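Undergrad: Supplied structure: my_file-v5.txt, compact mmCIF, C-alpha atoms and all ligand atoms.
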# COMPACT_ATOMS: atom_id res chain seq x y z
CA GLY O 10 135.17 34.12 73.17
CA VAL O 11 132.83 32.51 70.67
CA PHE O 12 131.64 30.10 73.39
CA TYR O 13 129.70 32.88 75.09
CA GLU O 14 128.08 33.96 71.81
CA ARG O 15 126.09 30.75 71.61
CA TYR O 16 123.24 29.18 73.53
CA HIS O 17 124.19 26.08 75.46
CA SER O 18 122.43 22.87 76.30
CA LEU O 19 121.86 22.06 79.95
CA GLU O 20 124.59 19.39 79.84
CA ASP O 21 127.04 21.98 78.45
CA ILE O 22 126.09 24.38 81.23
CA TYR O 23 126.71 21.80 83.96
CA TYR O 24 130.06 21.03 82.36
CA TRP O 25 130.84 24.74 82.16
CA ILE O 26 130.04 25.24 85.86
CA ASN O 27 132.50 22.53 86.83
CA LYS O 28 135.17 23.77 84.42
CA THR O 29 134.80 27.35 85.66
CA LYS O 30 135.29 26.23 89.24
CA GLN O 31 138.40 24.22 88.31
CA ASP O 32 139.97 26.96 86.19
CA HIS O 33 139.34 29.70 88.79
CA SER O 34 139.52 27.90 92.11
CA ASP O 35 140.88 31.10 93.71
CA MET O 36 137.71 33.10 92.99
CA VAL O 37 134.94 30.56 92.41
CA LYS O 38 133.06 28.21 94.67
CA VAL O 39 130.13 26.00 93.71
CA ILE O 40 127.25 25.61 96.14
CA LEU O 41 124.48 23.05 95.74
CA ILE O 42 121.32 24.82 96.91
CA GLY O 43 118.74 22.16 96.08
CA SER O 44 117.37 20.14 93.23
CA SER O 45 114.63 20.50 90.64
CA SER O 46 111.41 18.51 90.55
CA GLU O 47 113.08 16.07 88.13
CA LYS O 48 116.00 15.91 90.60
CA ARG O 49 118.55 17.91 88.68
CA PRO O 50 121.03 19.80 90.87
CA LEU O 51 120.71 23.56 91.34
CA TYR O 52 124.24 24.94 91.52
CA VAL O 53 125.11 28.47 92.56
CA LEU O 54 128.47 29.92 91.59
CA LYS O 55 129.97 32.16 94.25
CA LEU O 56 132.43 34.71 92.89
CA SER O 57 134.65 36.62 95.28
CA GLY O 58 137.53 39.03 94.92
CA ARG O 59 139.85 40.14 97.67
CA ARG O 60 138.85 38.12 100.70
CA ASP O 61 140.24 40.16 103.58
CA GLU O 62 137.09 41.58 105.08
CA VAL O 63 133.51 40.64 105.89
CA LYS O 64 131.61 41.22 102.73
CA ARG O 65 128.15 41.91 101.49
CA ALA O 66 126.75 39.97 98.59
CA MET O 67 124.51 40.20 95.57
CA TRP O 68 122.41 37.49 93.95
CA ILE O 69 121.67 36.94 90.26
CA ASP O 70 119.37 34.24 88.94
CA CYS O 71 118.78 33.42 85.30
CA GLY O 72 116.41 31.10 83.55
CA ILE O 73 113.38 31.07 85.86
CA HIS O 74 111.44 30.79 82.62
CA ALA O 75 112.56 27.95 80.39
CA ARG O 76 112.23 29.54 76.96
CA GLU O 77 114.11 32.74 77.82
CA TRP O 78 117.44 31.44 76.58
CA ILE O 79 119.18 34.79 76.67
CA ALA O 80 118.93 34.70 80.49
CA PRO O 81 121.27 31.75 81.18
CA ALA O 82 123.47 33.15 78.41
CA PHE O 83 123.72 36.36 80.44
CA CYS O 84 124.64 34.57 83.66
CA MET O 85 127.46 32.82 81.80
CA TRP O 86 128.48 36.07 80.12
CA PHE O 87 128.60 37.82 83.49
CA VAL O 88 130.73 35.11 85.12
CA ASN O 89 133.15 35.07 82.21
CA TYR O 90 133.41 38.86 82.23
CA ALA O 91 133.92 39.05 85.98
CA LEU O 92 136.68 36.44 85.96
CA ALA O 93 138.40 37.84 82.86
CA PHE O 94 138.29 41.49 83.92
CA TYR O 95 138.79 41.32 87.67
CA ASN O 96 141.81 43.57 88.30
CA GLN O 97 141.52 44.92 84.72
CA ASN O 98 138.23 46.78 84.72
CA THR O 99 137.82 49.15 87.67
CA GLU O 100 134.07 48.66 88.03
CA ILE O 101 133.97 44.88 88.17
CA THR O 102 137.00 44.96 90.46
CA GLU O 103 135.27 47.37 92.82
CA ILE O 104 132.16 45.20 92.77
CA LEU O 105 133.97 41.93 93.50
CA ASN O 106 136.13 43.55 96.19
CA ASN O 107 133.02 44.69 98.03
CA MET O 108 130.50 41.99 97.29
CA ASP O 109 130.41 38.27 96.79
CA VAL O 110 128.29 37.46 93.78
CA TYR O 111 126.00 34.43 93.88
CA ILE O 112 124.91 33.27 90.44
CA LEU O 113 122.24 30.69 89.69
CA THR O 114 122.73 30.15 85.96
CA VAL O 115 119.61 28.06 85.34
CA MET O 116 116.96 28.23 88.02
CA ASN O 117 114.62 26.00 86.00
CA PRO O 118 116.81 23.24 84.55
CA ASP O 119 113.93 20.82 83.84
CA GLY O 120 112.06 23.42 81.81
CA TYR O 121 115.24 24.53 80.06
CA LYS O 122 116.03 20.95 79.06
CA TYR O 123 112.46 20.56 77.80
CA THR O 124 112.82 23.61 75.53
CA TRP O 125 115.86 21.95 73.94
CA THR O 126 114.23 18.57 73.40
CA THR O 127 110.48 18.92 73.10
CA ASP O 128 108.83 22.34 73.19
CA ARG O 129 110.91 25.45 72.50
CA MET O 130 108.19 27.70 73.93
CA TRP O 131 107.84 26.01 77.33
CA ARG O 132 107.84 28.48 80.25
CA LYS O 133 107.16 26.65 83.53
CA ASN O 134 109.03 23.98 85.43
CA ARG O 135 108.12 20.32 84.85
CA SER O 136 106.51 19.16 88.07
CA SER O 137 103.46 16.93 87.85
CA ASN O 138 100.17 18.27 89.12
CA LYS O 139 97.71 16.23 91.05
CA ASP O 140 94.23 15.98 89.50
CA SER O 141 95.59 17.27 86.19
CA ASP O 142 97.43 15.89 83.18
CA CYS O 143 99.12 19.26 82.67
CA PHE O 144 102.69 19.76 83.84
CA GLY O 145 104.53 22.58 85.51
CA ALA O 146 104.12 25.67 87.62
CA ASP O 147 105.33 29.17 86.79
CA LEU O 148 108.20 29.68 89.22
CA ASN O 149 107.74 33.44 88.96
CA ARG O 150 104.19 33.06 90.29
CA ASN O 151 105.15 30.60 93.03
CA PHE O 152 106.82 32.93 95.55
CA ASP O 153 105.02 34.19 98.61
CA ALA O 154 104.03 37.69 97.47
CA ASN O 155 100.26 38.16 97.12
CA TRP O 156 100.43 34.61 95.86
CA CYS O 157 97.96 33.57 93.15
CA THR O 158 95.96 36.78 93.10
CA LYS O 159 95.12 38.67 89.89
CA GLY O 160 97.82 38.14 87.25
CA ALA O 161 98.40 34.46 88.04
CA SER O 162 96.34 31.37 87.27
CA ASP O 163 95.17 28.55 89.53
CA ASN O 164 94.74 26.25 86.52
CA PRO O 165 97.69 23.81 86.13
CA CYS O 166 97.22 23.93 82.36
CA ASP O 167 97.95 27.66 82.15
CA PRO O 168 101.44 29.09 81.55
CA THR O 169 101.13 31.30 84.63
CA TYR O 170 99.95 28.55 86.99
CA CYS O 171 100.93 29.60 90.51
CA GLY O 172 101.44 26.09 91.93
CA GLN O 173 99.64 24.35 94.79
CA PHE O 174 100.78 26.79 97.46
CA PRO O 175 103.53 29.41 97.88
CA GLU O 176 106.95 27.76 97.46
CA SER O 177 105.32 24.48 96.46
CA GLU O 178 108.05 24.01 93.83
CA PRO O 179 111.50 22.73 94.80
CA GLU O 180 113.23 25.37 92.63
CA THR O 181 111.36 28.21 94.37
CA GLN O 182 112.07 26.65 97.75
CA ALA O 183 115.77 26.28 97.05
CA VAL O 184 116.17 29.95 96.14
CA ALA O 185 114.01 31.21 99.02
CA ARG O 186 115.84 28.98 101.49
CA PHE O 187 119.24 30.10 100.28
CA LEU O 188 118.32 33.77 100.53
CA ARG O 189 116.76 33.27 103.97
CA SER O 190 119.97 31.66 105.17
CA HIS O 191 122.05 34.56 103.77
CA LYS O 192 119.77 37.32 104.98
CA ASP O 193 122.53 39.30 106.67
CA THR O 194 124.74 39.53 103.59
CA VAL O 195 122.65 39.67 100.43
CA LYS O 196 121.84 43.30 99.73
CA LEU O 197 120.95 43.13 96.06
CA TYR O 198 118.65 40.73 94.23
CA LEU O 199 118.60 40.53 90.46
CA SER O 200 116.48 38.24 88.27
CA ILE O 201 117.10 37.95 84.53
CA HIS O 202 114.29 37.38 82.02
CA SER O 203 113.33 38.18 78.46
CA TYR O 204 111.89 39.69 76.42
CA SER O 205 110.69 43.33 76.18
CA GLN O 206 113.69 45.46 77.26
CA MET O 207 112.69 46.64 80.70
CA LEU O 208 114.38 47.33 84.01
CA LEU O 209 111.78 46.58 86.68
CA PHE O 210 111.59 46.86 90.45
CA PRO O 211 108.80 46.09 93.00
CA TYR O 212 105.98 45.87 93.14
CA SER O 213 104.56 43.67 90.44
CA CYS O 214 102.15 42.01 92.86
CA SER O 215 100.26 45.23 93.58
CA TYR O 216 100.09 48.85 92.50
CA ASP O 217 101.45 50.00 95.88
CA GLU O 218 104.53 52.18 95.77
CA ILE O 219 107.52 50.86 97.72
CA PRO O 220 109.15 53.11 100.37
CA ASN O 221 112.38 53.52 98.37
CA HIS O 222 110.60 53.94 95.02
CA ASN O 223 112.38 57.18 94.16
CA GLU O 224 115.82 55.76 94.79
CA LEU O 225 115.24 52.63 92.70
CA PHE O 226 113.53 54.67 90.00
CA GLU O 227 116.57 56.95 89.68
CA ILE O 228 118.93 53.96 89.46
CA VAL O 229 117.08 52.24 86.63
CA LYS O 230 116.58 55.56 84.89
CA GLU O 231 120.33 56.11 84.90
CA ALA O 232 120.92 52.56 83.68
CA SER O 233 118.39 52.97 80.89
CA THR O 234 119.91 56.29 79.83
CA LYS O 235 123.41 54.82 79.69
CA ILE O 236 122.24 51.78 77.72
CA ARG O 237 120.61 54.10 75.21
CA ARG O 238 123.76 56.21 74.96
CA TYR O 239 126.21 53.30 74.57
CA TYR O 240 124.15 50.76 72.68
CA ARG O 241 121.25 52.71 71.12
CA THR O 242 118.74 50.34 72.70
CA ASN O 243 115.67 51.58 74.52
CA TYR O 244 114.77 50.09 77.88
CA LYS O 245 111.61 51.05 79.73
CA TYR O 246 111.89 51.21 83.49
CA GLY O 247 109.71 51.42 86.58
CA PRO O 248 107.74 49.32 89.03
CA GLY O 249 106.59 46.04 87.49
CA ALA O 250 102.83 46.38 87.93
CA LYS O 251 102.71 49.73 86.14
CA THR O 252 105.47 49.09 83.61
CA ILE O 253 104.66 45.57 82.41
CA TYR O 254 101.63 44.11 84.20
CA LEU O 255 100.22 42.98 87.51
CA ALA O 256 101.89 39.64 88.29
CA PRO O 257 101.91 38.29 91.85
CA GLY O 258 104.16 35.61 93.31
CA GLY O 259 107.36 36.90 91.71
CA SER O 260 110.83 36.42 93.11
CA ASP O 261 111.70 40.13 93.05
CA ASP O 262 108.67 41.13 95.16
CA TRP O 263 109.28 38.28 97.59
CA ALA O 264 112.96 39.22 97.94
CA TYR O 265 111.98 42.84 98.51
CA ASN O 266 109.41 42.05 101.20
CA PHE O 267 111.90 39.70 102.77
CA GLY O 268 114.24 42.63 103.28
CA ILE O 269 116.44 42.91 100.19
CA LYS O 270 115.66 46.53 99.44
CA TYR O 271 117.49 46.55 96.12
CA SER O 272 115.50 44.09 94.05
CA PHE O 273 115.21 44.10 90.27
CA THR O 274 114.00 42.10 87.31
CA PHE O 275 115.58 42.72 83.91
CA GLU O 276 113.76 41.88 80.73
CA LEU O 277 116.48 41.63 78.10
CA GLN O 278 116.23 41.94 74.30
CA ASP O 279 114.36 42.14 72.14
CA ARG O 280 111.01 43.92 71.91
CA GLY O 281 109.25 41.17 69.97
CA ARG O 282 110.79 40.85 66.53
CA TYR O 283 112.38 37.55 67.52
CA GLY O 284 111.02 37.42 71.05
CA PHE O 285 112.20 34.32 72.91
CA LEU O 286 113.93 33.14 69.71
CA LEU O 287 116.58 35.84 69.88
CA PRO O 288 119.32 34.82 67.40
CA PRO O 289 122.74 34.04 68.92
CA SER O 290 124.27 36.97 67.04
CA PHE O 291 122.35 39.25 69.45
CA ILE O 292 123.86 37.67 72.56
CA PRO O 293 126.89 39.98 72.93
CA GLN O 294 124.96 43.21 72.74
CA ALA O 295 122.03 41.99 74.84
CA CYS O 296 124.43 40.78 77.54
CA ASN O 297 126.56 43.91 77.47
CA GLU O 298 123.45 46.03 77.98
CA ALA O 299 122.46 43.96 81.00
CA LEU O 300 126.04 43.98 82.27
CA LEU O 301 126.10 47.77 82.15
CA ALA O 302 122.86 47.98 84.11
CA THR O 303 124.14 45.40 86.62
CA LYS O 304 127.31 47.40 87.21
CA ILE O 305 125.43 50.66 87.72
CA ILE O 306 123.08 49.08 90.25
CA ALA O 307 125.79 47.17 92.13
CA LEU O 308 128.04 50.23 92.38
CA HIS O 309 125.12 52.25 93.68
CA VAL O 310 124.39 49.65 96.35
CA ILE O 311 128.07 49.53 97.37
CA LYS O 312 128.15 53.31 97.68
CA LYS O 313 125.06 53.23 99.91
CA LEU O 314 126.18 50.38 102.19
O1 LIG O 401 105.73 37.70 83.94
C1 LIG O 401 106.86 37.57 84.41
O2 LIG O 401 107.12 36.76 85.29
C2 LIG O 401 108.00 38.45 83.88
N1 LIG O 401 107.85 38.66 82.46
S1 LIG O 401 108.17 37.41 81.44
O3 LIG O 401 107.81 37.79 80.10
N2 LIG O 401 109.74 37.14 81.44
O4 LIG O 401 107.49 36.24 81.91
C3 LIG O 401 107.97 39.79 84.60
C4 LIG O 401 108.35 39.69 86.04
C5 LIG O 401 108.20 40.97 86.77
N3 LIG O 401 108.20 40.75 88.20
C6 LIG O 401 107.17 40.13 88.82
N4 LIG O 401 106.08 39.78 88.19
N5 LIG O 401 107.29 39.96 90.11
ZN ZN O 402 110.47 35.44 82.31
Would you mind giving the structure from this file in structure tokens?
Ligand code: 0X9
Ligand code: ZN
TA:
Amino acid sequence: GVFYERYHSLEDIYYWINKTKQDHSDMVKVILIGSSSEKRPLYVLKLSGRRDEVKRAMWIDCGIHAREWIAPAFCMWFVNYALAFYNQNTEITEILNNMDVYILTVMNPDGYKYTWTTDRMWRKNRSSNKDSDCFGADLNRNFDANWCTKGASDNPCDPTYCGQFPESEPETQAVARFLRSHKDTVKLYLSIHSYSQMLLFPYSCSYDEIPNHNELFEIVKEASTKIRRYYRTNYKYGPGAKTIYLAPGGSDDWAYNFGIKYSFTFELQDRGRYGFLLPPSFIPQACNEALLATKIIALHVIKKL
């Protein structure tokens, strides 16, 4: 529907979360996992299919970075697709019958709000920093993975400020706490960003190769190939440090080290023509590309479980 081909304000997204839960009470639960530094709620949608067995789960977060509007748009796109095509499309049905899907549509609501009202290019959250007039920490530098080493900044005025200490930010804490408390079930971690068209896996916090490098490499290679074939869009793929840049403190590396051995970051469209200002007319294709990659990865994980 045309609703999903637009960007939505934070208020709209909160309304949409509630509406989705009400319209699909059989498949959707809403879980409050914490609140932002400006005290906005962080809601996770839990999607489940057939509920007759103990299930594994996957996690998707969108909107760690405020200005990357295509990311929350993808989370909404995914939820809508899953609910509309469960029992219609074999792949999404297989996924939901084998995995619960936890979706955090906007991990950084304060920053997202700020990009709608004040500064479209804001990246960080909006927490105040002691001894500085500058606001915000980069939530994707705030996780406990080689925290604040090369590739992050210890200056609160920089866009990649790592925060006071690992998990100093309530948004980071909420996600880490939730995943820690679902350690036995969550087998796949996925974080959605933009832009640059890349399918990344650990590590970004060092040049070390992870033990299951070859397996993850083959998965993202397949996803990239299929995206190119279906949509004629090129996605680079590989470990973050080598493929994009060295960047410590990221959620994907933390999740991986924590024990979620299938951990990915997607950088959606485009490659810089519009950058963060991707026009709404690009939403369907950008989201379908990411949906295809998500399906390929999830089905692989299910097959391996
Ligand atoms: O720098 C980032 O956090 C991500 N790129 S973005 O342009 N969306 O800011 C890349 C994240 C890759 N993973 C880690 N750095 N852990
Ligand atoms: Zn980002």
Undergrad: Once you count all atoms listed in the file, which residues end up within 6 Å of ligand LIG 401 (chain O), and could you hand them over as an MDAnalysis selection string?
TA: chainID O and resid 149 202:204 213 249 256:257 259:262 274
Undergrad: Can you work out which one of O:Ala75, O:Asp167, O:Glu231, O:Leu188 has the shortest atom-to-atom distance to Asp128 of chain O, counting all atoms listed in the file?
TA: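 Checking each candidate against Asp128 of chain O, we get O:Ala75 as the closest.
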Undergrad: Have a look at atom CA of Pro293 of chain O and atom CA of Arg241 of chain O and let me know their distance in Å, one decimal.
TA: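 For atom CA of Pro293 of chain O relative to atom CA of Arg241 of chain O, the distance reads 14.0 Å.
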Undergrad: From the set O:Tyr95, O:Leu54, O:Gln206, O:Val229, which residue has the shortest atom-to-atom contact distance to Gly284 of chain O, counting all atoms listed in the file?
TA: O:Gln206
Undergrad: What does the list of residues within 12 Å of ligand ZN 402 (chain O) look like if you count only C-alpha atoms and all ligand atoms, written as a ChimeraX atom specification?
TA: /O:70-81,116-117,130-134,147-150,168-169,200-207,253,256,259-261,274-278,284-285
Undergrad: Would you save the residues of that selection, restricted to C-alpha atoms, as a PDB file, keeping the file's coordinate frame?
TA:
ATOM      1  CA  ASP O  70     119.370  34.240  88.940  1.00  0.00           C
ATOM      2  CA  CYS O  71     118.780  33.420  85.300  1.00  0.00           C
ATOM      3  CA  GLY O  72     116.410  31.100  83.550  1.00  0.00           C
ATOM      4  CA  ILE O  73     113.380  31.070  85.860  1.00  0.00           C
ATOM      5  CA  HIS O  74     111.440  30.790  82.620  1.00  0.00           C
ATOM      6  CA  ALA O  75     112.560  27.950  80.390  1.00  0.00           C
ATOM      7  CA  ARG O  76     112.230  29.540  76.960  1.00  0.00           C
ATOM      8  CA  GLU O  77     114.110  32.740  77.820  1.00  0.00           C
ATOM      9  CA  TRP O  78     117.440  31.440  76.580  1.00  0.00           C
ATOM     10  CA  ILE O  79     119.180  34.790  76.670  1.00  0.00           C
ATOM     11  CA  ALA O  80     118.930  34.700  80.490  1.00  0.00           C
ATOM     12  CA  PRO O  81     121.270  31.750  81.180  1.00  0.00           C
ATOM     13  CA  MET O 116     116.960  28.230  88.020  1.00  0.00           C
ATOM     14  CA  ASN O 117     114.620  26.000  86.000  1.00  0.00           C
ATOM     15  CA  MET O 130     108.190  27.700  73.930  1.00  0.00           C
ATOM     16  CA  TRP O 131     107.840  26.010  77.330  1.00  0.00           C
ATOM     17  CA  ARG O 132     107.840  28.480  80.250  1.00  0.00           C
ATOM     18  CA  LYS O 133     107.160  26.650  83.530  1.00  0.00           C
ATOM     19  CA  ASN O 134     109.030  23.980  85.430  1.00  0.00           C
ATOM     20  CA  ASP O 147     105.330  29.170  86.790  1.00  0.00           C
ATOM     21  CA  LEU O 148     108.200  29.680  89.220  1.00  0.00           C
ATOM     22  CA  ASN O 149     107.740  33.440  88.960  1.00  0.00           C
ATOM     23  CA  ARG O 150     104.190  33.060  90.290  1.00  0.00           C
ATOM     24  CA  PRO O 168     101.440  29.090  81.550  1.00  0.00           C
ATOM     25  CA  THR O 169     101.130  31.300  84.630  1.00  0.00           C
ATOM     26  CA  SER O 200     116.480  38.240  88.270  1.00  0.00           C
ATOM     27  CA  ILE O 201     117.100  37.950  84.530  1.00  0.00           C
ATOM     28  CA  HIS O 202     114.290  37.380  82.020  1.00  0.00           C
ATOM     29  CA  SER O 203     113.330  38.180  78.460  1.00  0.00           C
ATOM     30  CA  TYR O 204     111.890  39.690  76.420  1.00  0.00           C
ATOM     31  CA  SER O 205     110.690  43.330  76.180  1.00  0.00           C
ATOM     32  CA  GLN O 206     113.690  45.460  77.260  1.00  0.00           C
ATOM     33  CA  MET O 207     112.690  46.640  80.700  1.00  0.00           C
ATOM     34  CA  ILE O 253     104.660  45.570  82.410  1.00  0.00           C
ATOM     35  CA  ALA O 256     101.890  39.640  88.290  1.00  0.00           C
ATOM     36  CA  GLY O 259     107.360  36.900  91.710  1.00  0.00           C
ATOM     37  CA  SER O 260     110.830  36.420  93.110  1.00  0.00           C
ATOM     38  CA  ASP O 261     111.700  40.130  93.050  1.00  0.00           C
ATOM     39  CA  THR O 274     114.000  42.100  87.310  1.00  0.00           C
ATOM     40  CA  PHE O 275     115.580  42.720  83.910  1.00  0.00           C
ATOM     41  CA  GLU O 276     113.760  41.880  80.730  1.00  0.00           C
ATOM     42  CA  LEU O 277     116.480  41.630  78.100  1.00  0.00           C
ATOM     43  CA  GLN O 278     116.230  41.940  74.300  1.00  0.00           C
ATOM     44  CA  GLY O 284     111.020  37.420  71.050  1.00  0.00           C
ATOM     45  CA  PHE O 285     112.200  34.320  72.910  1.00  0.00           C
TER      46      PHE O 285
END
Undergrad: Residues near Gly58 of chain O, anyone? I mean within 9 Å using all atoms listed in the file, not counting same-chain ones fewer than 3 positions away, as a compact mmCIF listing (two decimals) with C-alpha atoms, keeping the file's coordinate frame.
TA:
# COMPACT_ATOMS: atom_id res chain seq x y z
CA ASP O 35 140.88 31.10 93.71
CA MET O 36 137.71 33.10 92.99
CA TYR O 95 138.79 41.32 87.67
CA THR O 102 137.00 44.96 90.46
CA GLU O 103 135.27 47.37 92.82
CA ILE O 104 132.16 45.20 92.77
CA LEU O 105 133.97 41.93 93.50
CA ASN O 106 136.13 43.55 96.19
CA ASN O 107 133.02 44.69 98.03
CA MET O 108 130.50 41.99 97.29
CA ASP O 109 130.41 38.27 96.79
Undergrad: What does the structure give for the distance between atom CA of Leu41 of chain O and atom CA of Met85 of chain O, in Å to one decimal?
TA: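 Atom CA of Met85 of chain O lies 17.3 Å from atom CA of Leu41 of chain O.
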Undergrad: Between atom CA of Pro50 of chain O and atom CA of Gly145 of chain O, measure the distance and give it in Å to one decimal.
TA: 17.6 Å
Undergrad: Under the rule that all atoms listed in the file are counted, which of O:Phe94, O:Ile22, O:Gly258, O:Ile236 is the nearest residue to Gly172 of chain O?
TA: O:Gly258
Undergrad: Have segment 92-111 of chain O completed to N, CA, C and O atoms, please, and pass it along as a PDB file, in the coordinates of the input.
TA:
ATOM      1  N   LEU O  92     135.417  37.153  85.749  1.00  0.00           N
ATOM      2  CA  LEU O  92     136.680  36.440  85.960  1.00  0.00           C
ATOM      3  C   LEU O  92     137.776  36.957  85.031  1.00  0.00           C
ATOM      4  O   LEU O  92     138.946  37.037  85.425  1.00  0.00           O
ATOM      5  N   ALA O  93     137.394  37.360  83.826  1.00  0.00           N
ATOM      6  CA  ALA O  93     138.400  37.840  82.860  1.00  0.00           C
ATOM      7  C   ALA O  93     138.867  39.252  83.193  1.00  0.00           C
ATOM      8  O   ALA O  93     140.021  39.593  82.950  1.00  0.00           O
ATOM      9  N   PHE O  94     137.967  40.077  83.745  1.00  0.00           N
ATOM     10  CA  PHE O  94     138.290  41.490  83.920  1.00  0.00           C
ATOM     11  C   PHE O  94     138.488  41.934  85.366  1.00  0.00           C
ATOM     12  O   PHE O  94     138.673  43.118  85.631  1.00  0.00           O
ATOM     13  N   TYR O  95     138.437  40.976  86.289  1.00  0.00           N
ATOM     14  CA  TYR O  95     138.790  41.320  87.670  1.00  0.00           C
ATOM     15  C   TYR O  95     140.250  41.775  87.681  1.00  0.00           C
ATOM     16  O   TYR O  95     141.113  41.131  87.106  1.00  0.00           O
ATOM     17  N   ASN O  96     140.484  42.921  88.294  1.00  0.00           N
ATOM     18  CA  ASN O  96     141.810  43.570  88.300  1.00  0.00           C
ATOM     19  C   ASN O  96     142.215  44.163  86.953  1.00  0.00           C
ATOM     20  O   ASN O  96     143.375  44.550  86.766  1.00  0.00           O
ATOM     21  N   GLN O  97     141.264  44.254  86.008  1.00  0.00           N
ATOM     22  CA  GLN O  97     141.520  44.920  84.720  1.00  0.00           C
ATOM     23  C   GLN O  97     140.545  46.082  84.561  1.00  0.00           C
ATOM     24  O   GLN O  97     140.933  47.186  84.208  1.00  0.00           O
ATOM     25  N   ASN O  98     139.285  45.766  84.818  1.00  0.00           N
ATOM     26  CA  ASN O  98     138.230  46.780  84.720  1.00  0.00           C
ATOM     27  C   ASN O  98     137.927  47.277  86.133  1.00  0.00           C
ATOM     28  O   ASN O  98     137.693  46.485  87.043  1.00  0.00           O
ATOM     29  N   THR O  99     137.954  48.605  86.311  1.00  0.00           N
ATOM     30  CA  THR O  99     137.820  49.150  87.670  1.00  0.00           C
ATOM     31  C   THR O  99     136.459  48.841  88.284  1.00  0.00           C
ATOM     32  O   THR O  99     136.366  48.579  89.479  1.00  0.00           O
ATOM     33  N   GLU O 100     135.413  48.845  87.464  1.00  0.00           N
ATOM     34  CA  GLU O 100     134.070  48.660  88.030  1.00  0.00           C
ATOM     35  C   GLU O 100     133.846  47.241  88.532  1.00  0.00           C
ATOM     36  O   GLU O 100     133.368  47.043  89.654  1.00  0.00           O
ATOM     37  N   ILE O 101     134.188  46.261  87.716  1.00  0.00           N
ATOM     38  CA  ILE O 101     133.970  44.880  88.170  1.00  0.00           C
ATOM     39  C   ILE O 101     134.897  44.555  89.342  1.00  0.00           C
ATOM     40  O   ILE O 101     134.537  43.792  90.236  1.00  0.00           O
ATOM     41  N   THR O 102     136.071  45.169  89.354  1.00  0.00           N
ATOM     42  CA  THR O 102     137.000  44.960  90.460  1.00  0.00           C
ATOM     43  C   THR O 102     136.431  45.516  91.760  1.00  0.00           C
ATOM     44  O   THR O 102     136.442  44.851  92.800  1.00  0.00           O
ATOM     45  N   GLU O 103     135.910  46.732  91.661  1.00  0.00           N
ATOM     46  CA  GLU O 103     135.270  47.370  92.820  1.00  0.00           C
ATOM     47  C   GLU O 103     134.088  46.528  93.323  1.00  0.00           C
ATOM     48  O   GLU O 103     133.924  46.333  94.528  1.00  0.00           O
ATOM     49  N   ILE O 104     133.319  46.015  92.386  1.00  0.00           N
ATOM     50  CA  ILE O 104     132.160  45.200  92.770  1.00  0.00           C
ATOM     51  C   ILE O 104     132.612  43.932  93.499  1.00  0.00           C
ATOM     52  O   ILE O 104     132.163  43.639  94.609  1.00  0.00           O
ATOM     53  N   LEU O 105     133.548  43.212  92.902  1.00  0.00           N
ATOM     54  CA  LEU O 105     133.970  41.930  93.500  1.00  0.00           C
ATOM     55  C   LEU O 105     134.781  42.127  94.788  1.00  0.00           C
ATOM     56  O   LEU O 105     134.831  41.226  95.623  1.00  0.00           O
ATOM     57  N   ASN O 106     135.397  43.288  94.946  1.00  0.00           N
ATOM     58  CA  ASN O 106     136.130  43.550  96.190  1.00  0.00           C
ATOM     59  C   ASN O 106     135.189  43.931  97.336  1.00  0.00           C
ATOM     60  O   ASN O 106     135.585  43.927  98.494  1.00  0.00           O
ATOM     61  N   ASN O 107     133.967  44.277  96.999  1.00  0.00           N
ATOM     62  CA  ASN O 107     133.020  44.690  98.030  1.00  0.00           C
ATOM     63  C   ASN O 107     131.832  43.761  98.201  1.00  0.00           C
ATOM     64  O   ASN O 107     131.093  43.873  99.175  1.00  0.00           O
ATOM     65  N   MET O 108     131.644  42.883  97.236  1.00  0.00           N
ATOM     66  CA  MET O 108     130.500  41.990  97.290  1.00  0.00           C
ATOM     67  C   MET O 108     130.860  40.626  96.749  1.00  0.00           C
ATOM     68  O   MET O 108     131.511  40.530  95.708  1.00  0.00           O
ATOM     69  N   ASP O 109     130.415  39.584  97.432  1.00  0.00           N
ATOM     70  CA  ASP O 109     130.410  38.270  96.790  1.00  0.00           C
ATOM     71  C   ASP O 109     129.230  38.253  95.832  1.00  0.00           C
ATOM     72  O   ASP O 109     128.206  38.881  96.092  1.00  0.00           O
ATOM     73  N   VAL O 110     129.386  37.552  94.736  1.00  0.00           N
ATOM     74  CA  VAL O 110     128.290  37.460  93.780  1.00  0.00           C
ATOM     75  C   VAL O 110     127.844  36.006  93.660  1.00  0.00           C
ATOM     76  O   VAL O 110     128.638  35.135  93.310  1.00  0.00           O
ATOM     77  N   TYR O 111     126.588  35.754  94.008  1.00  0.00           N
ATOM     78  CA  TYR O 111     126.000  34.430  93.880  1.00  0.00           C
ATOM     79  C   TYR O 111     125.229  34.365  92.562  1.00  0.00           C
ATOM     80  O   TYR O 111     124.359  35.208  92.327  1.00  0.00           O
TER      81      TYR O 111
END
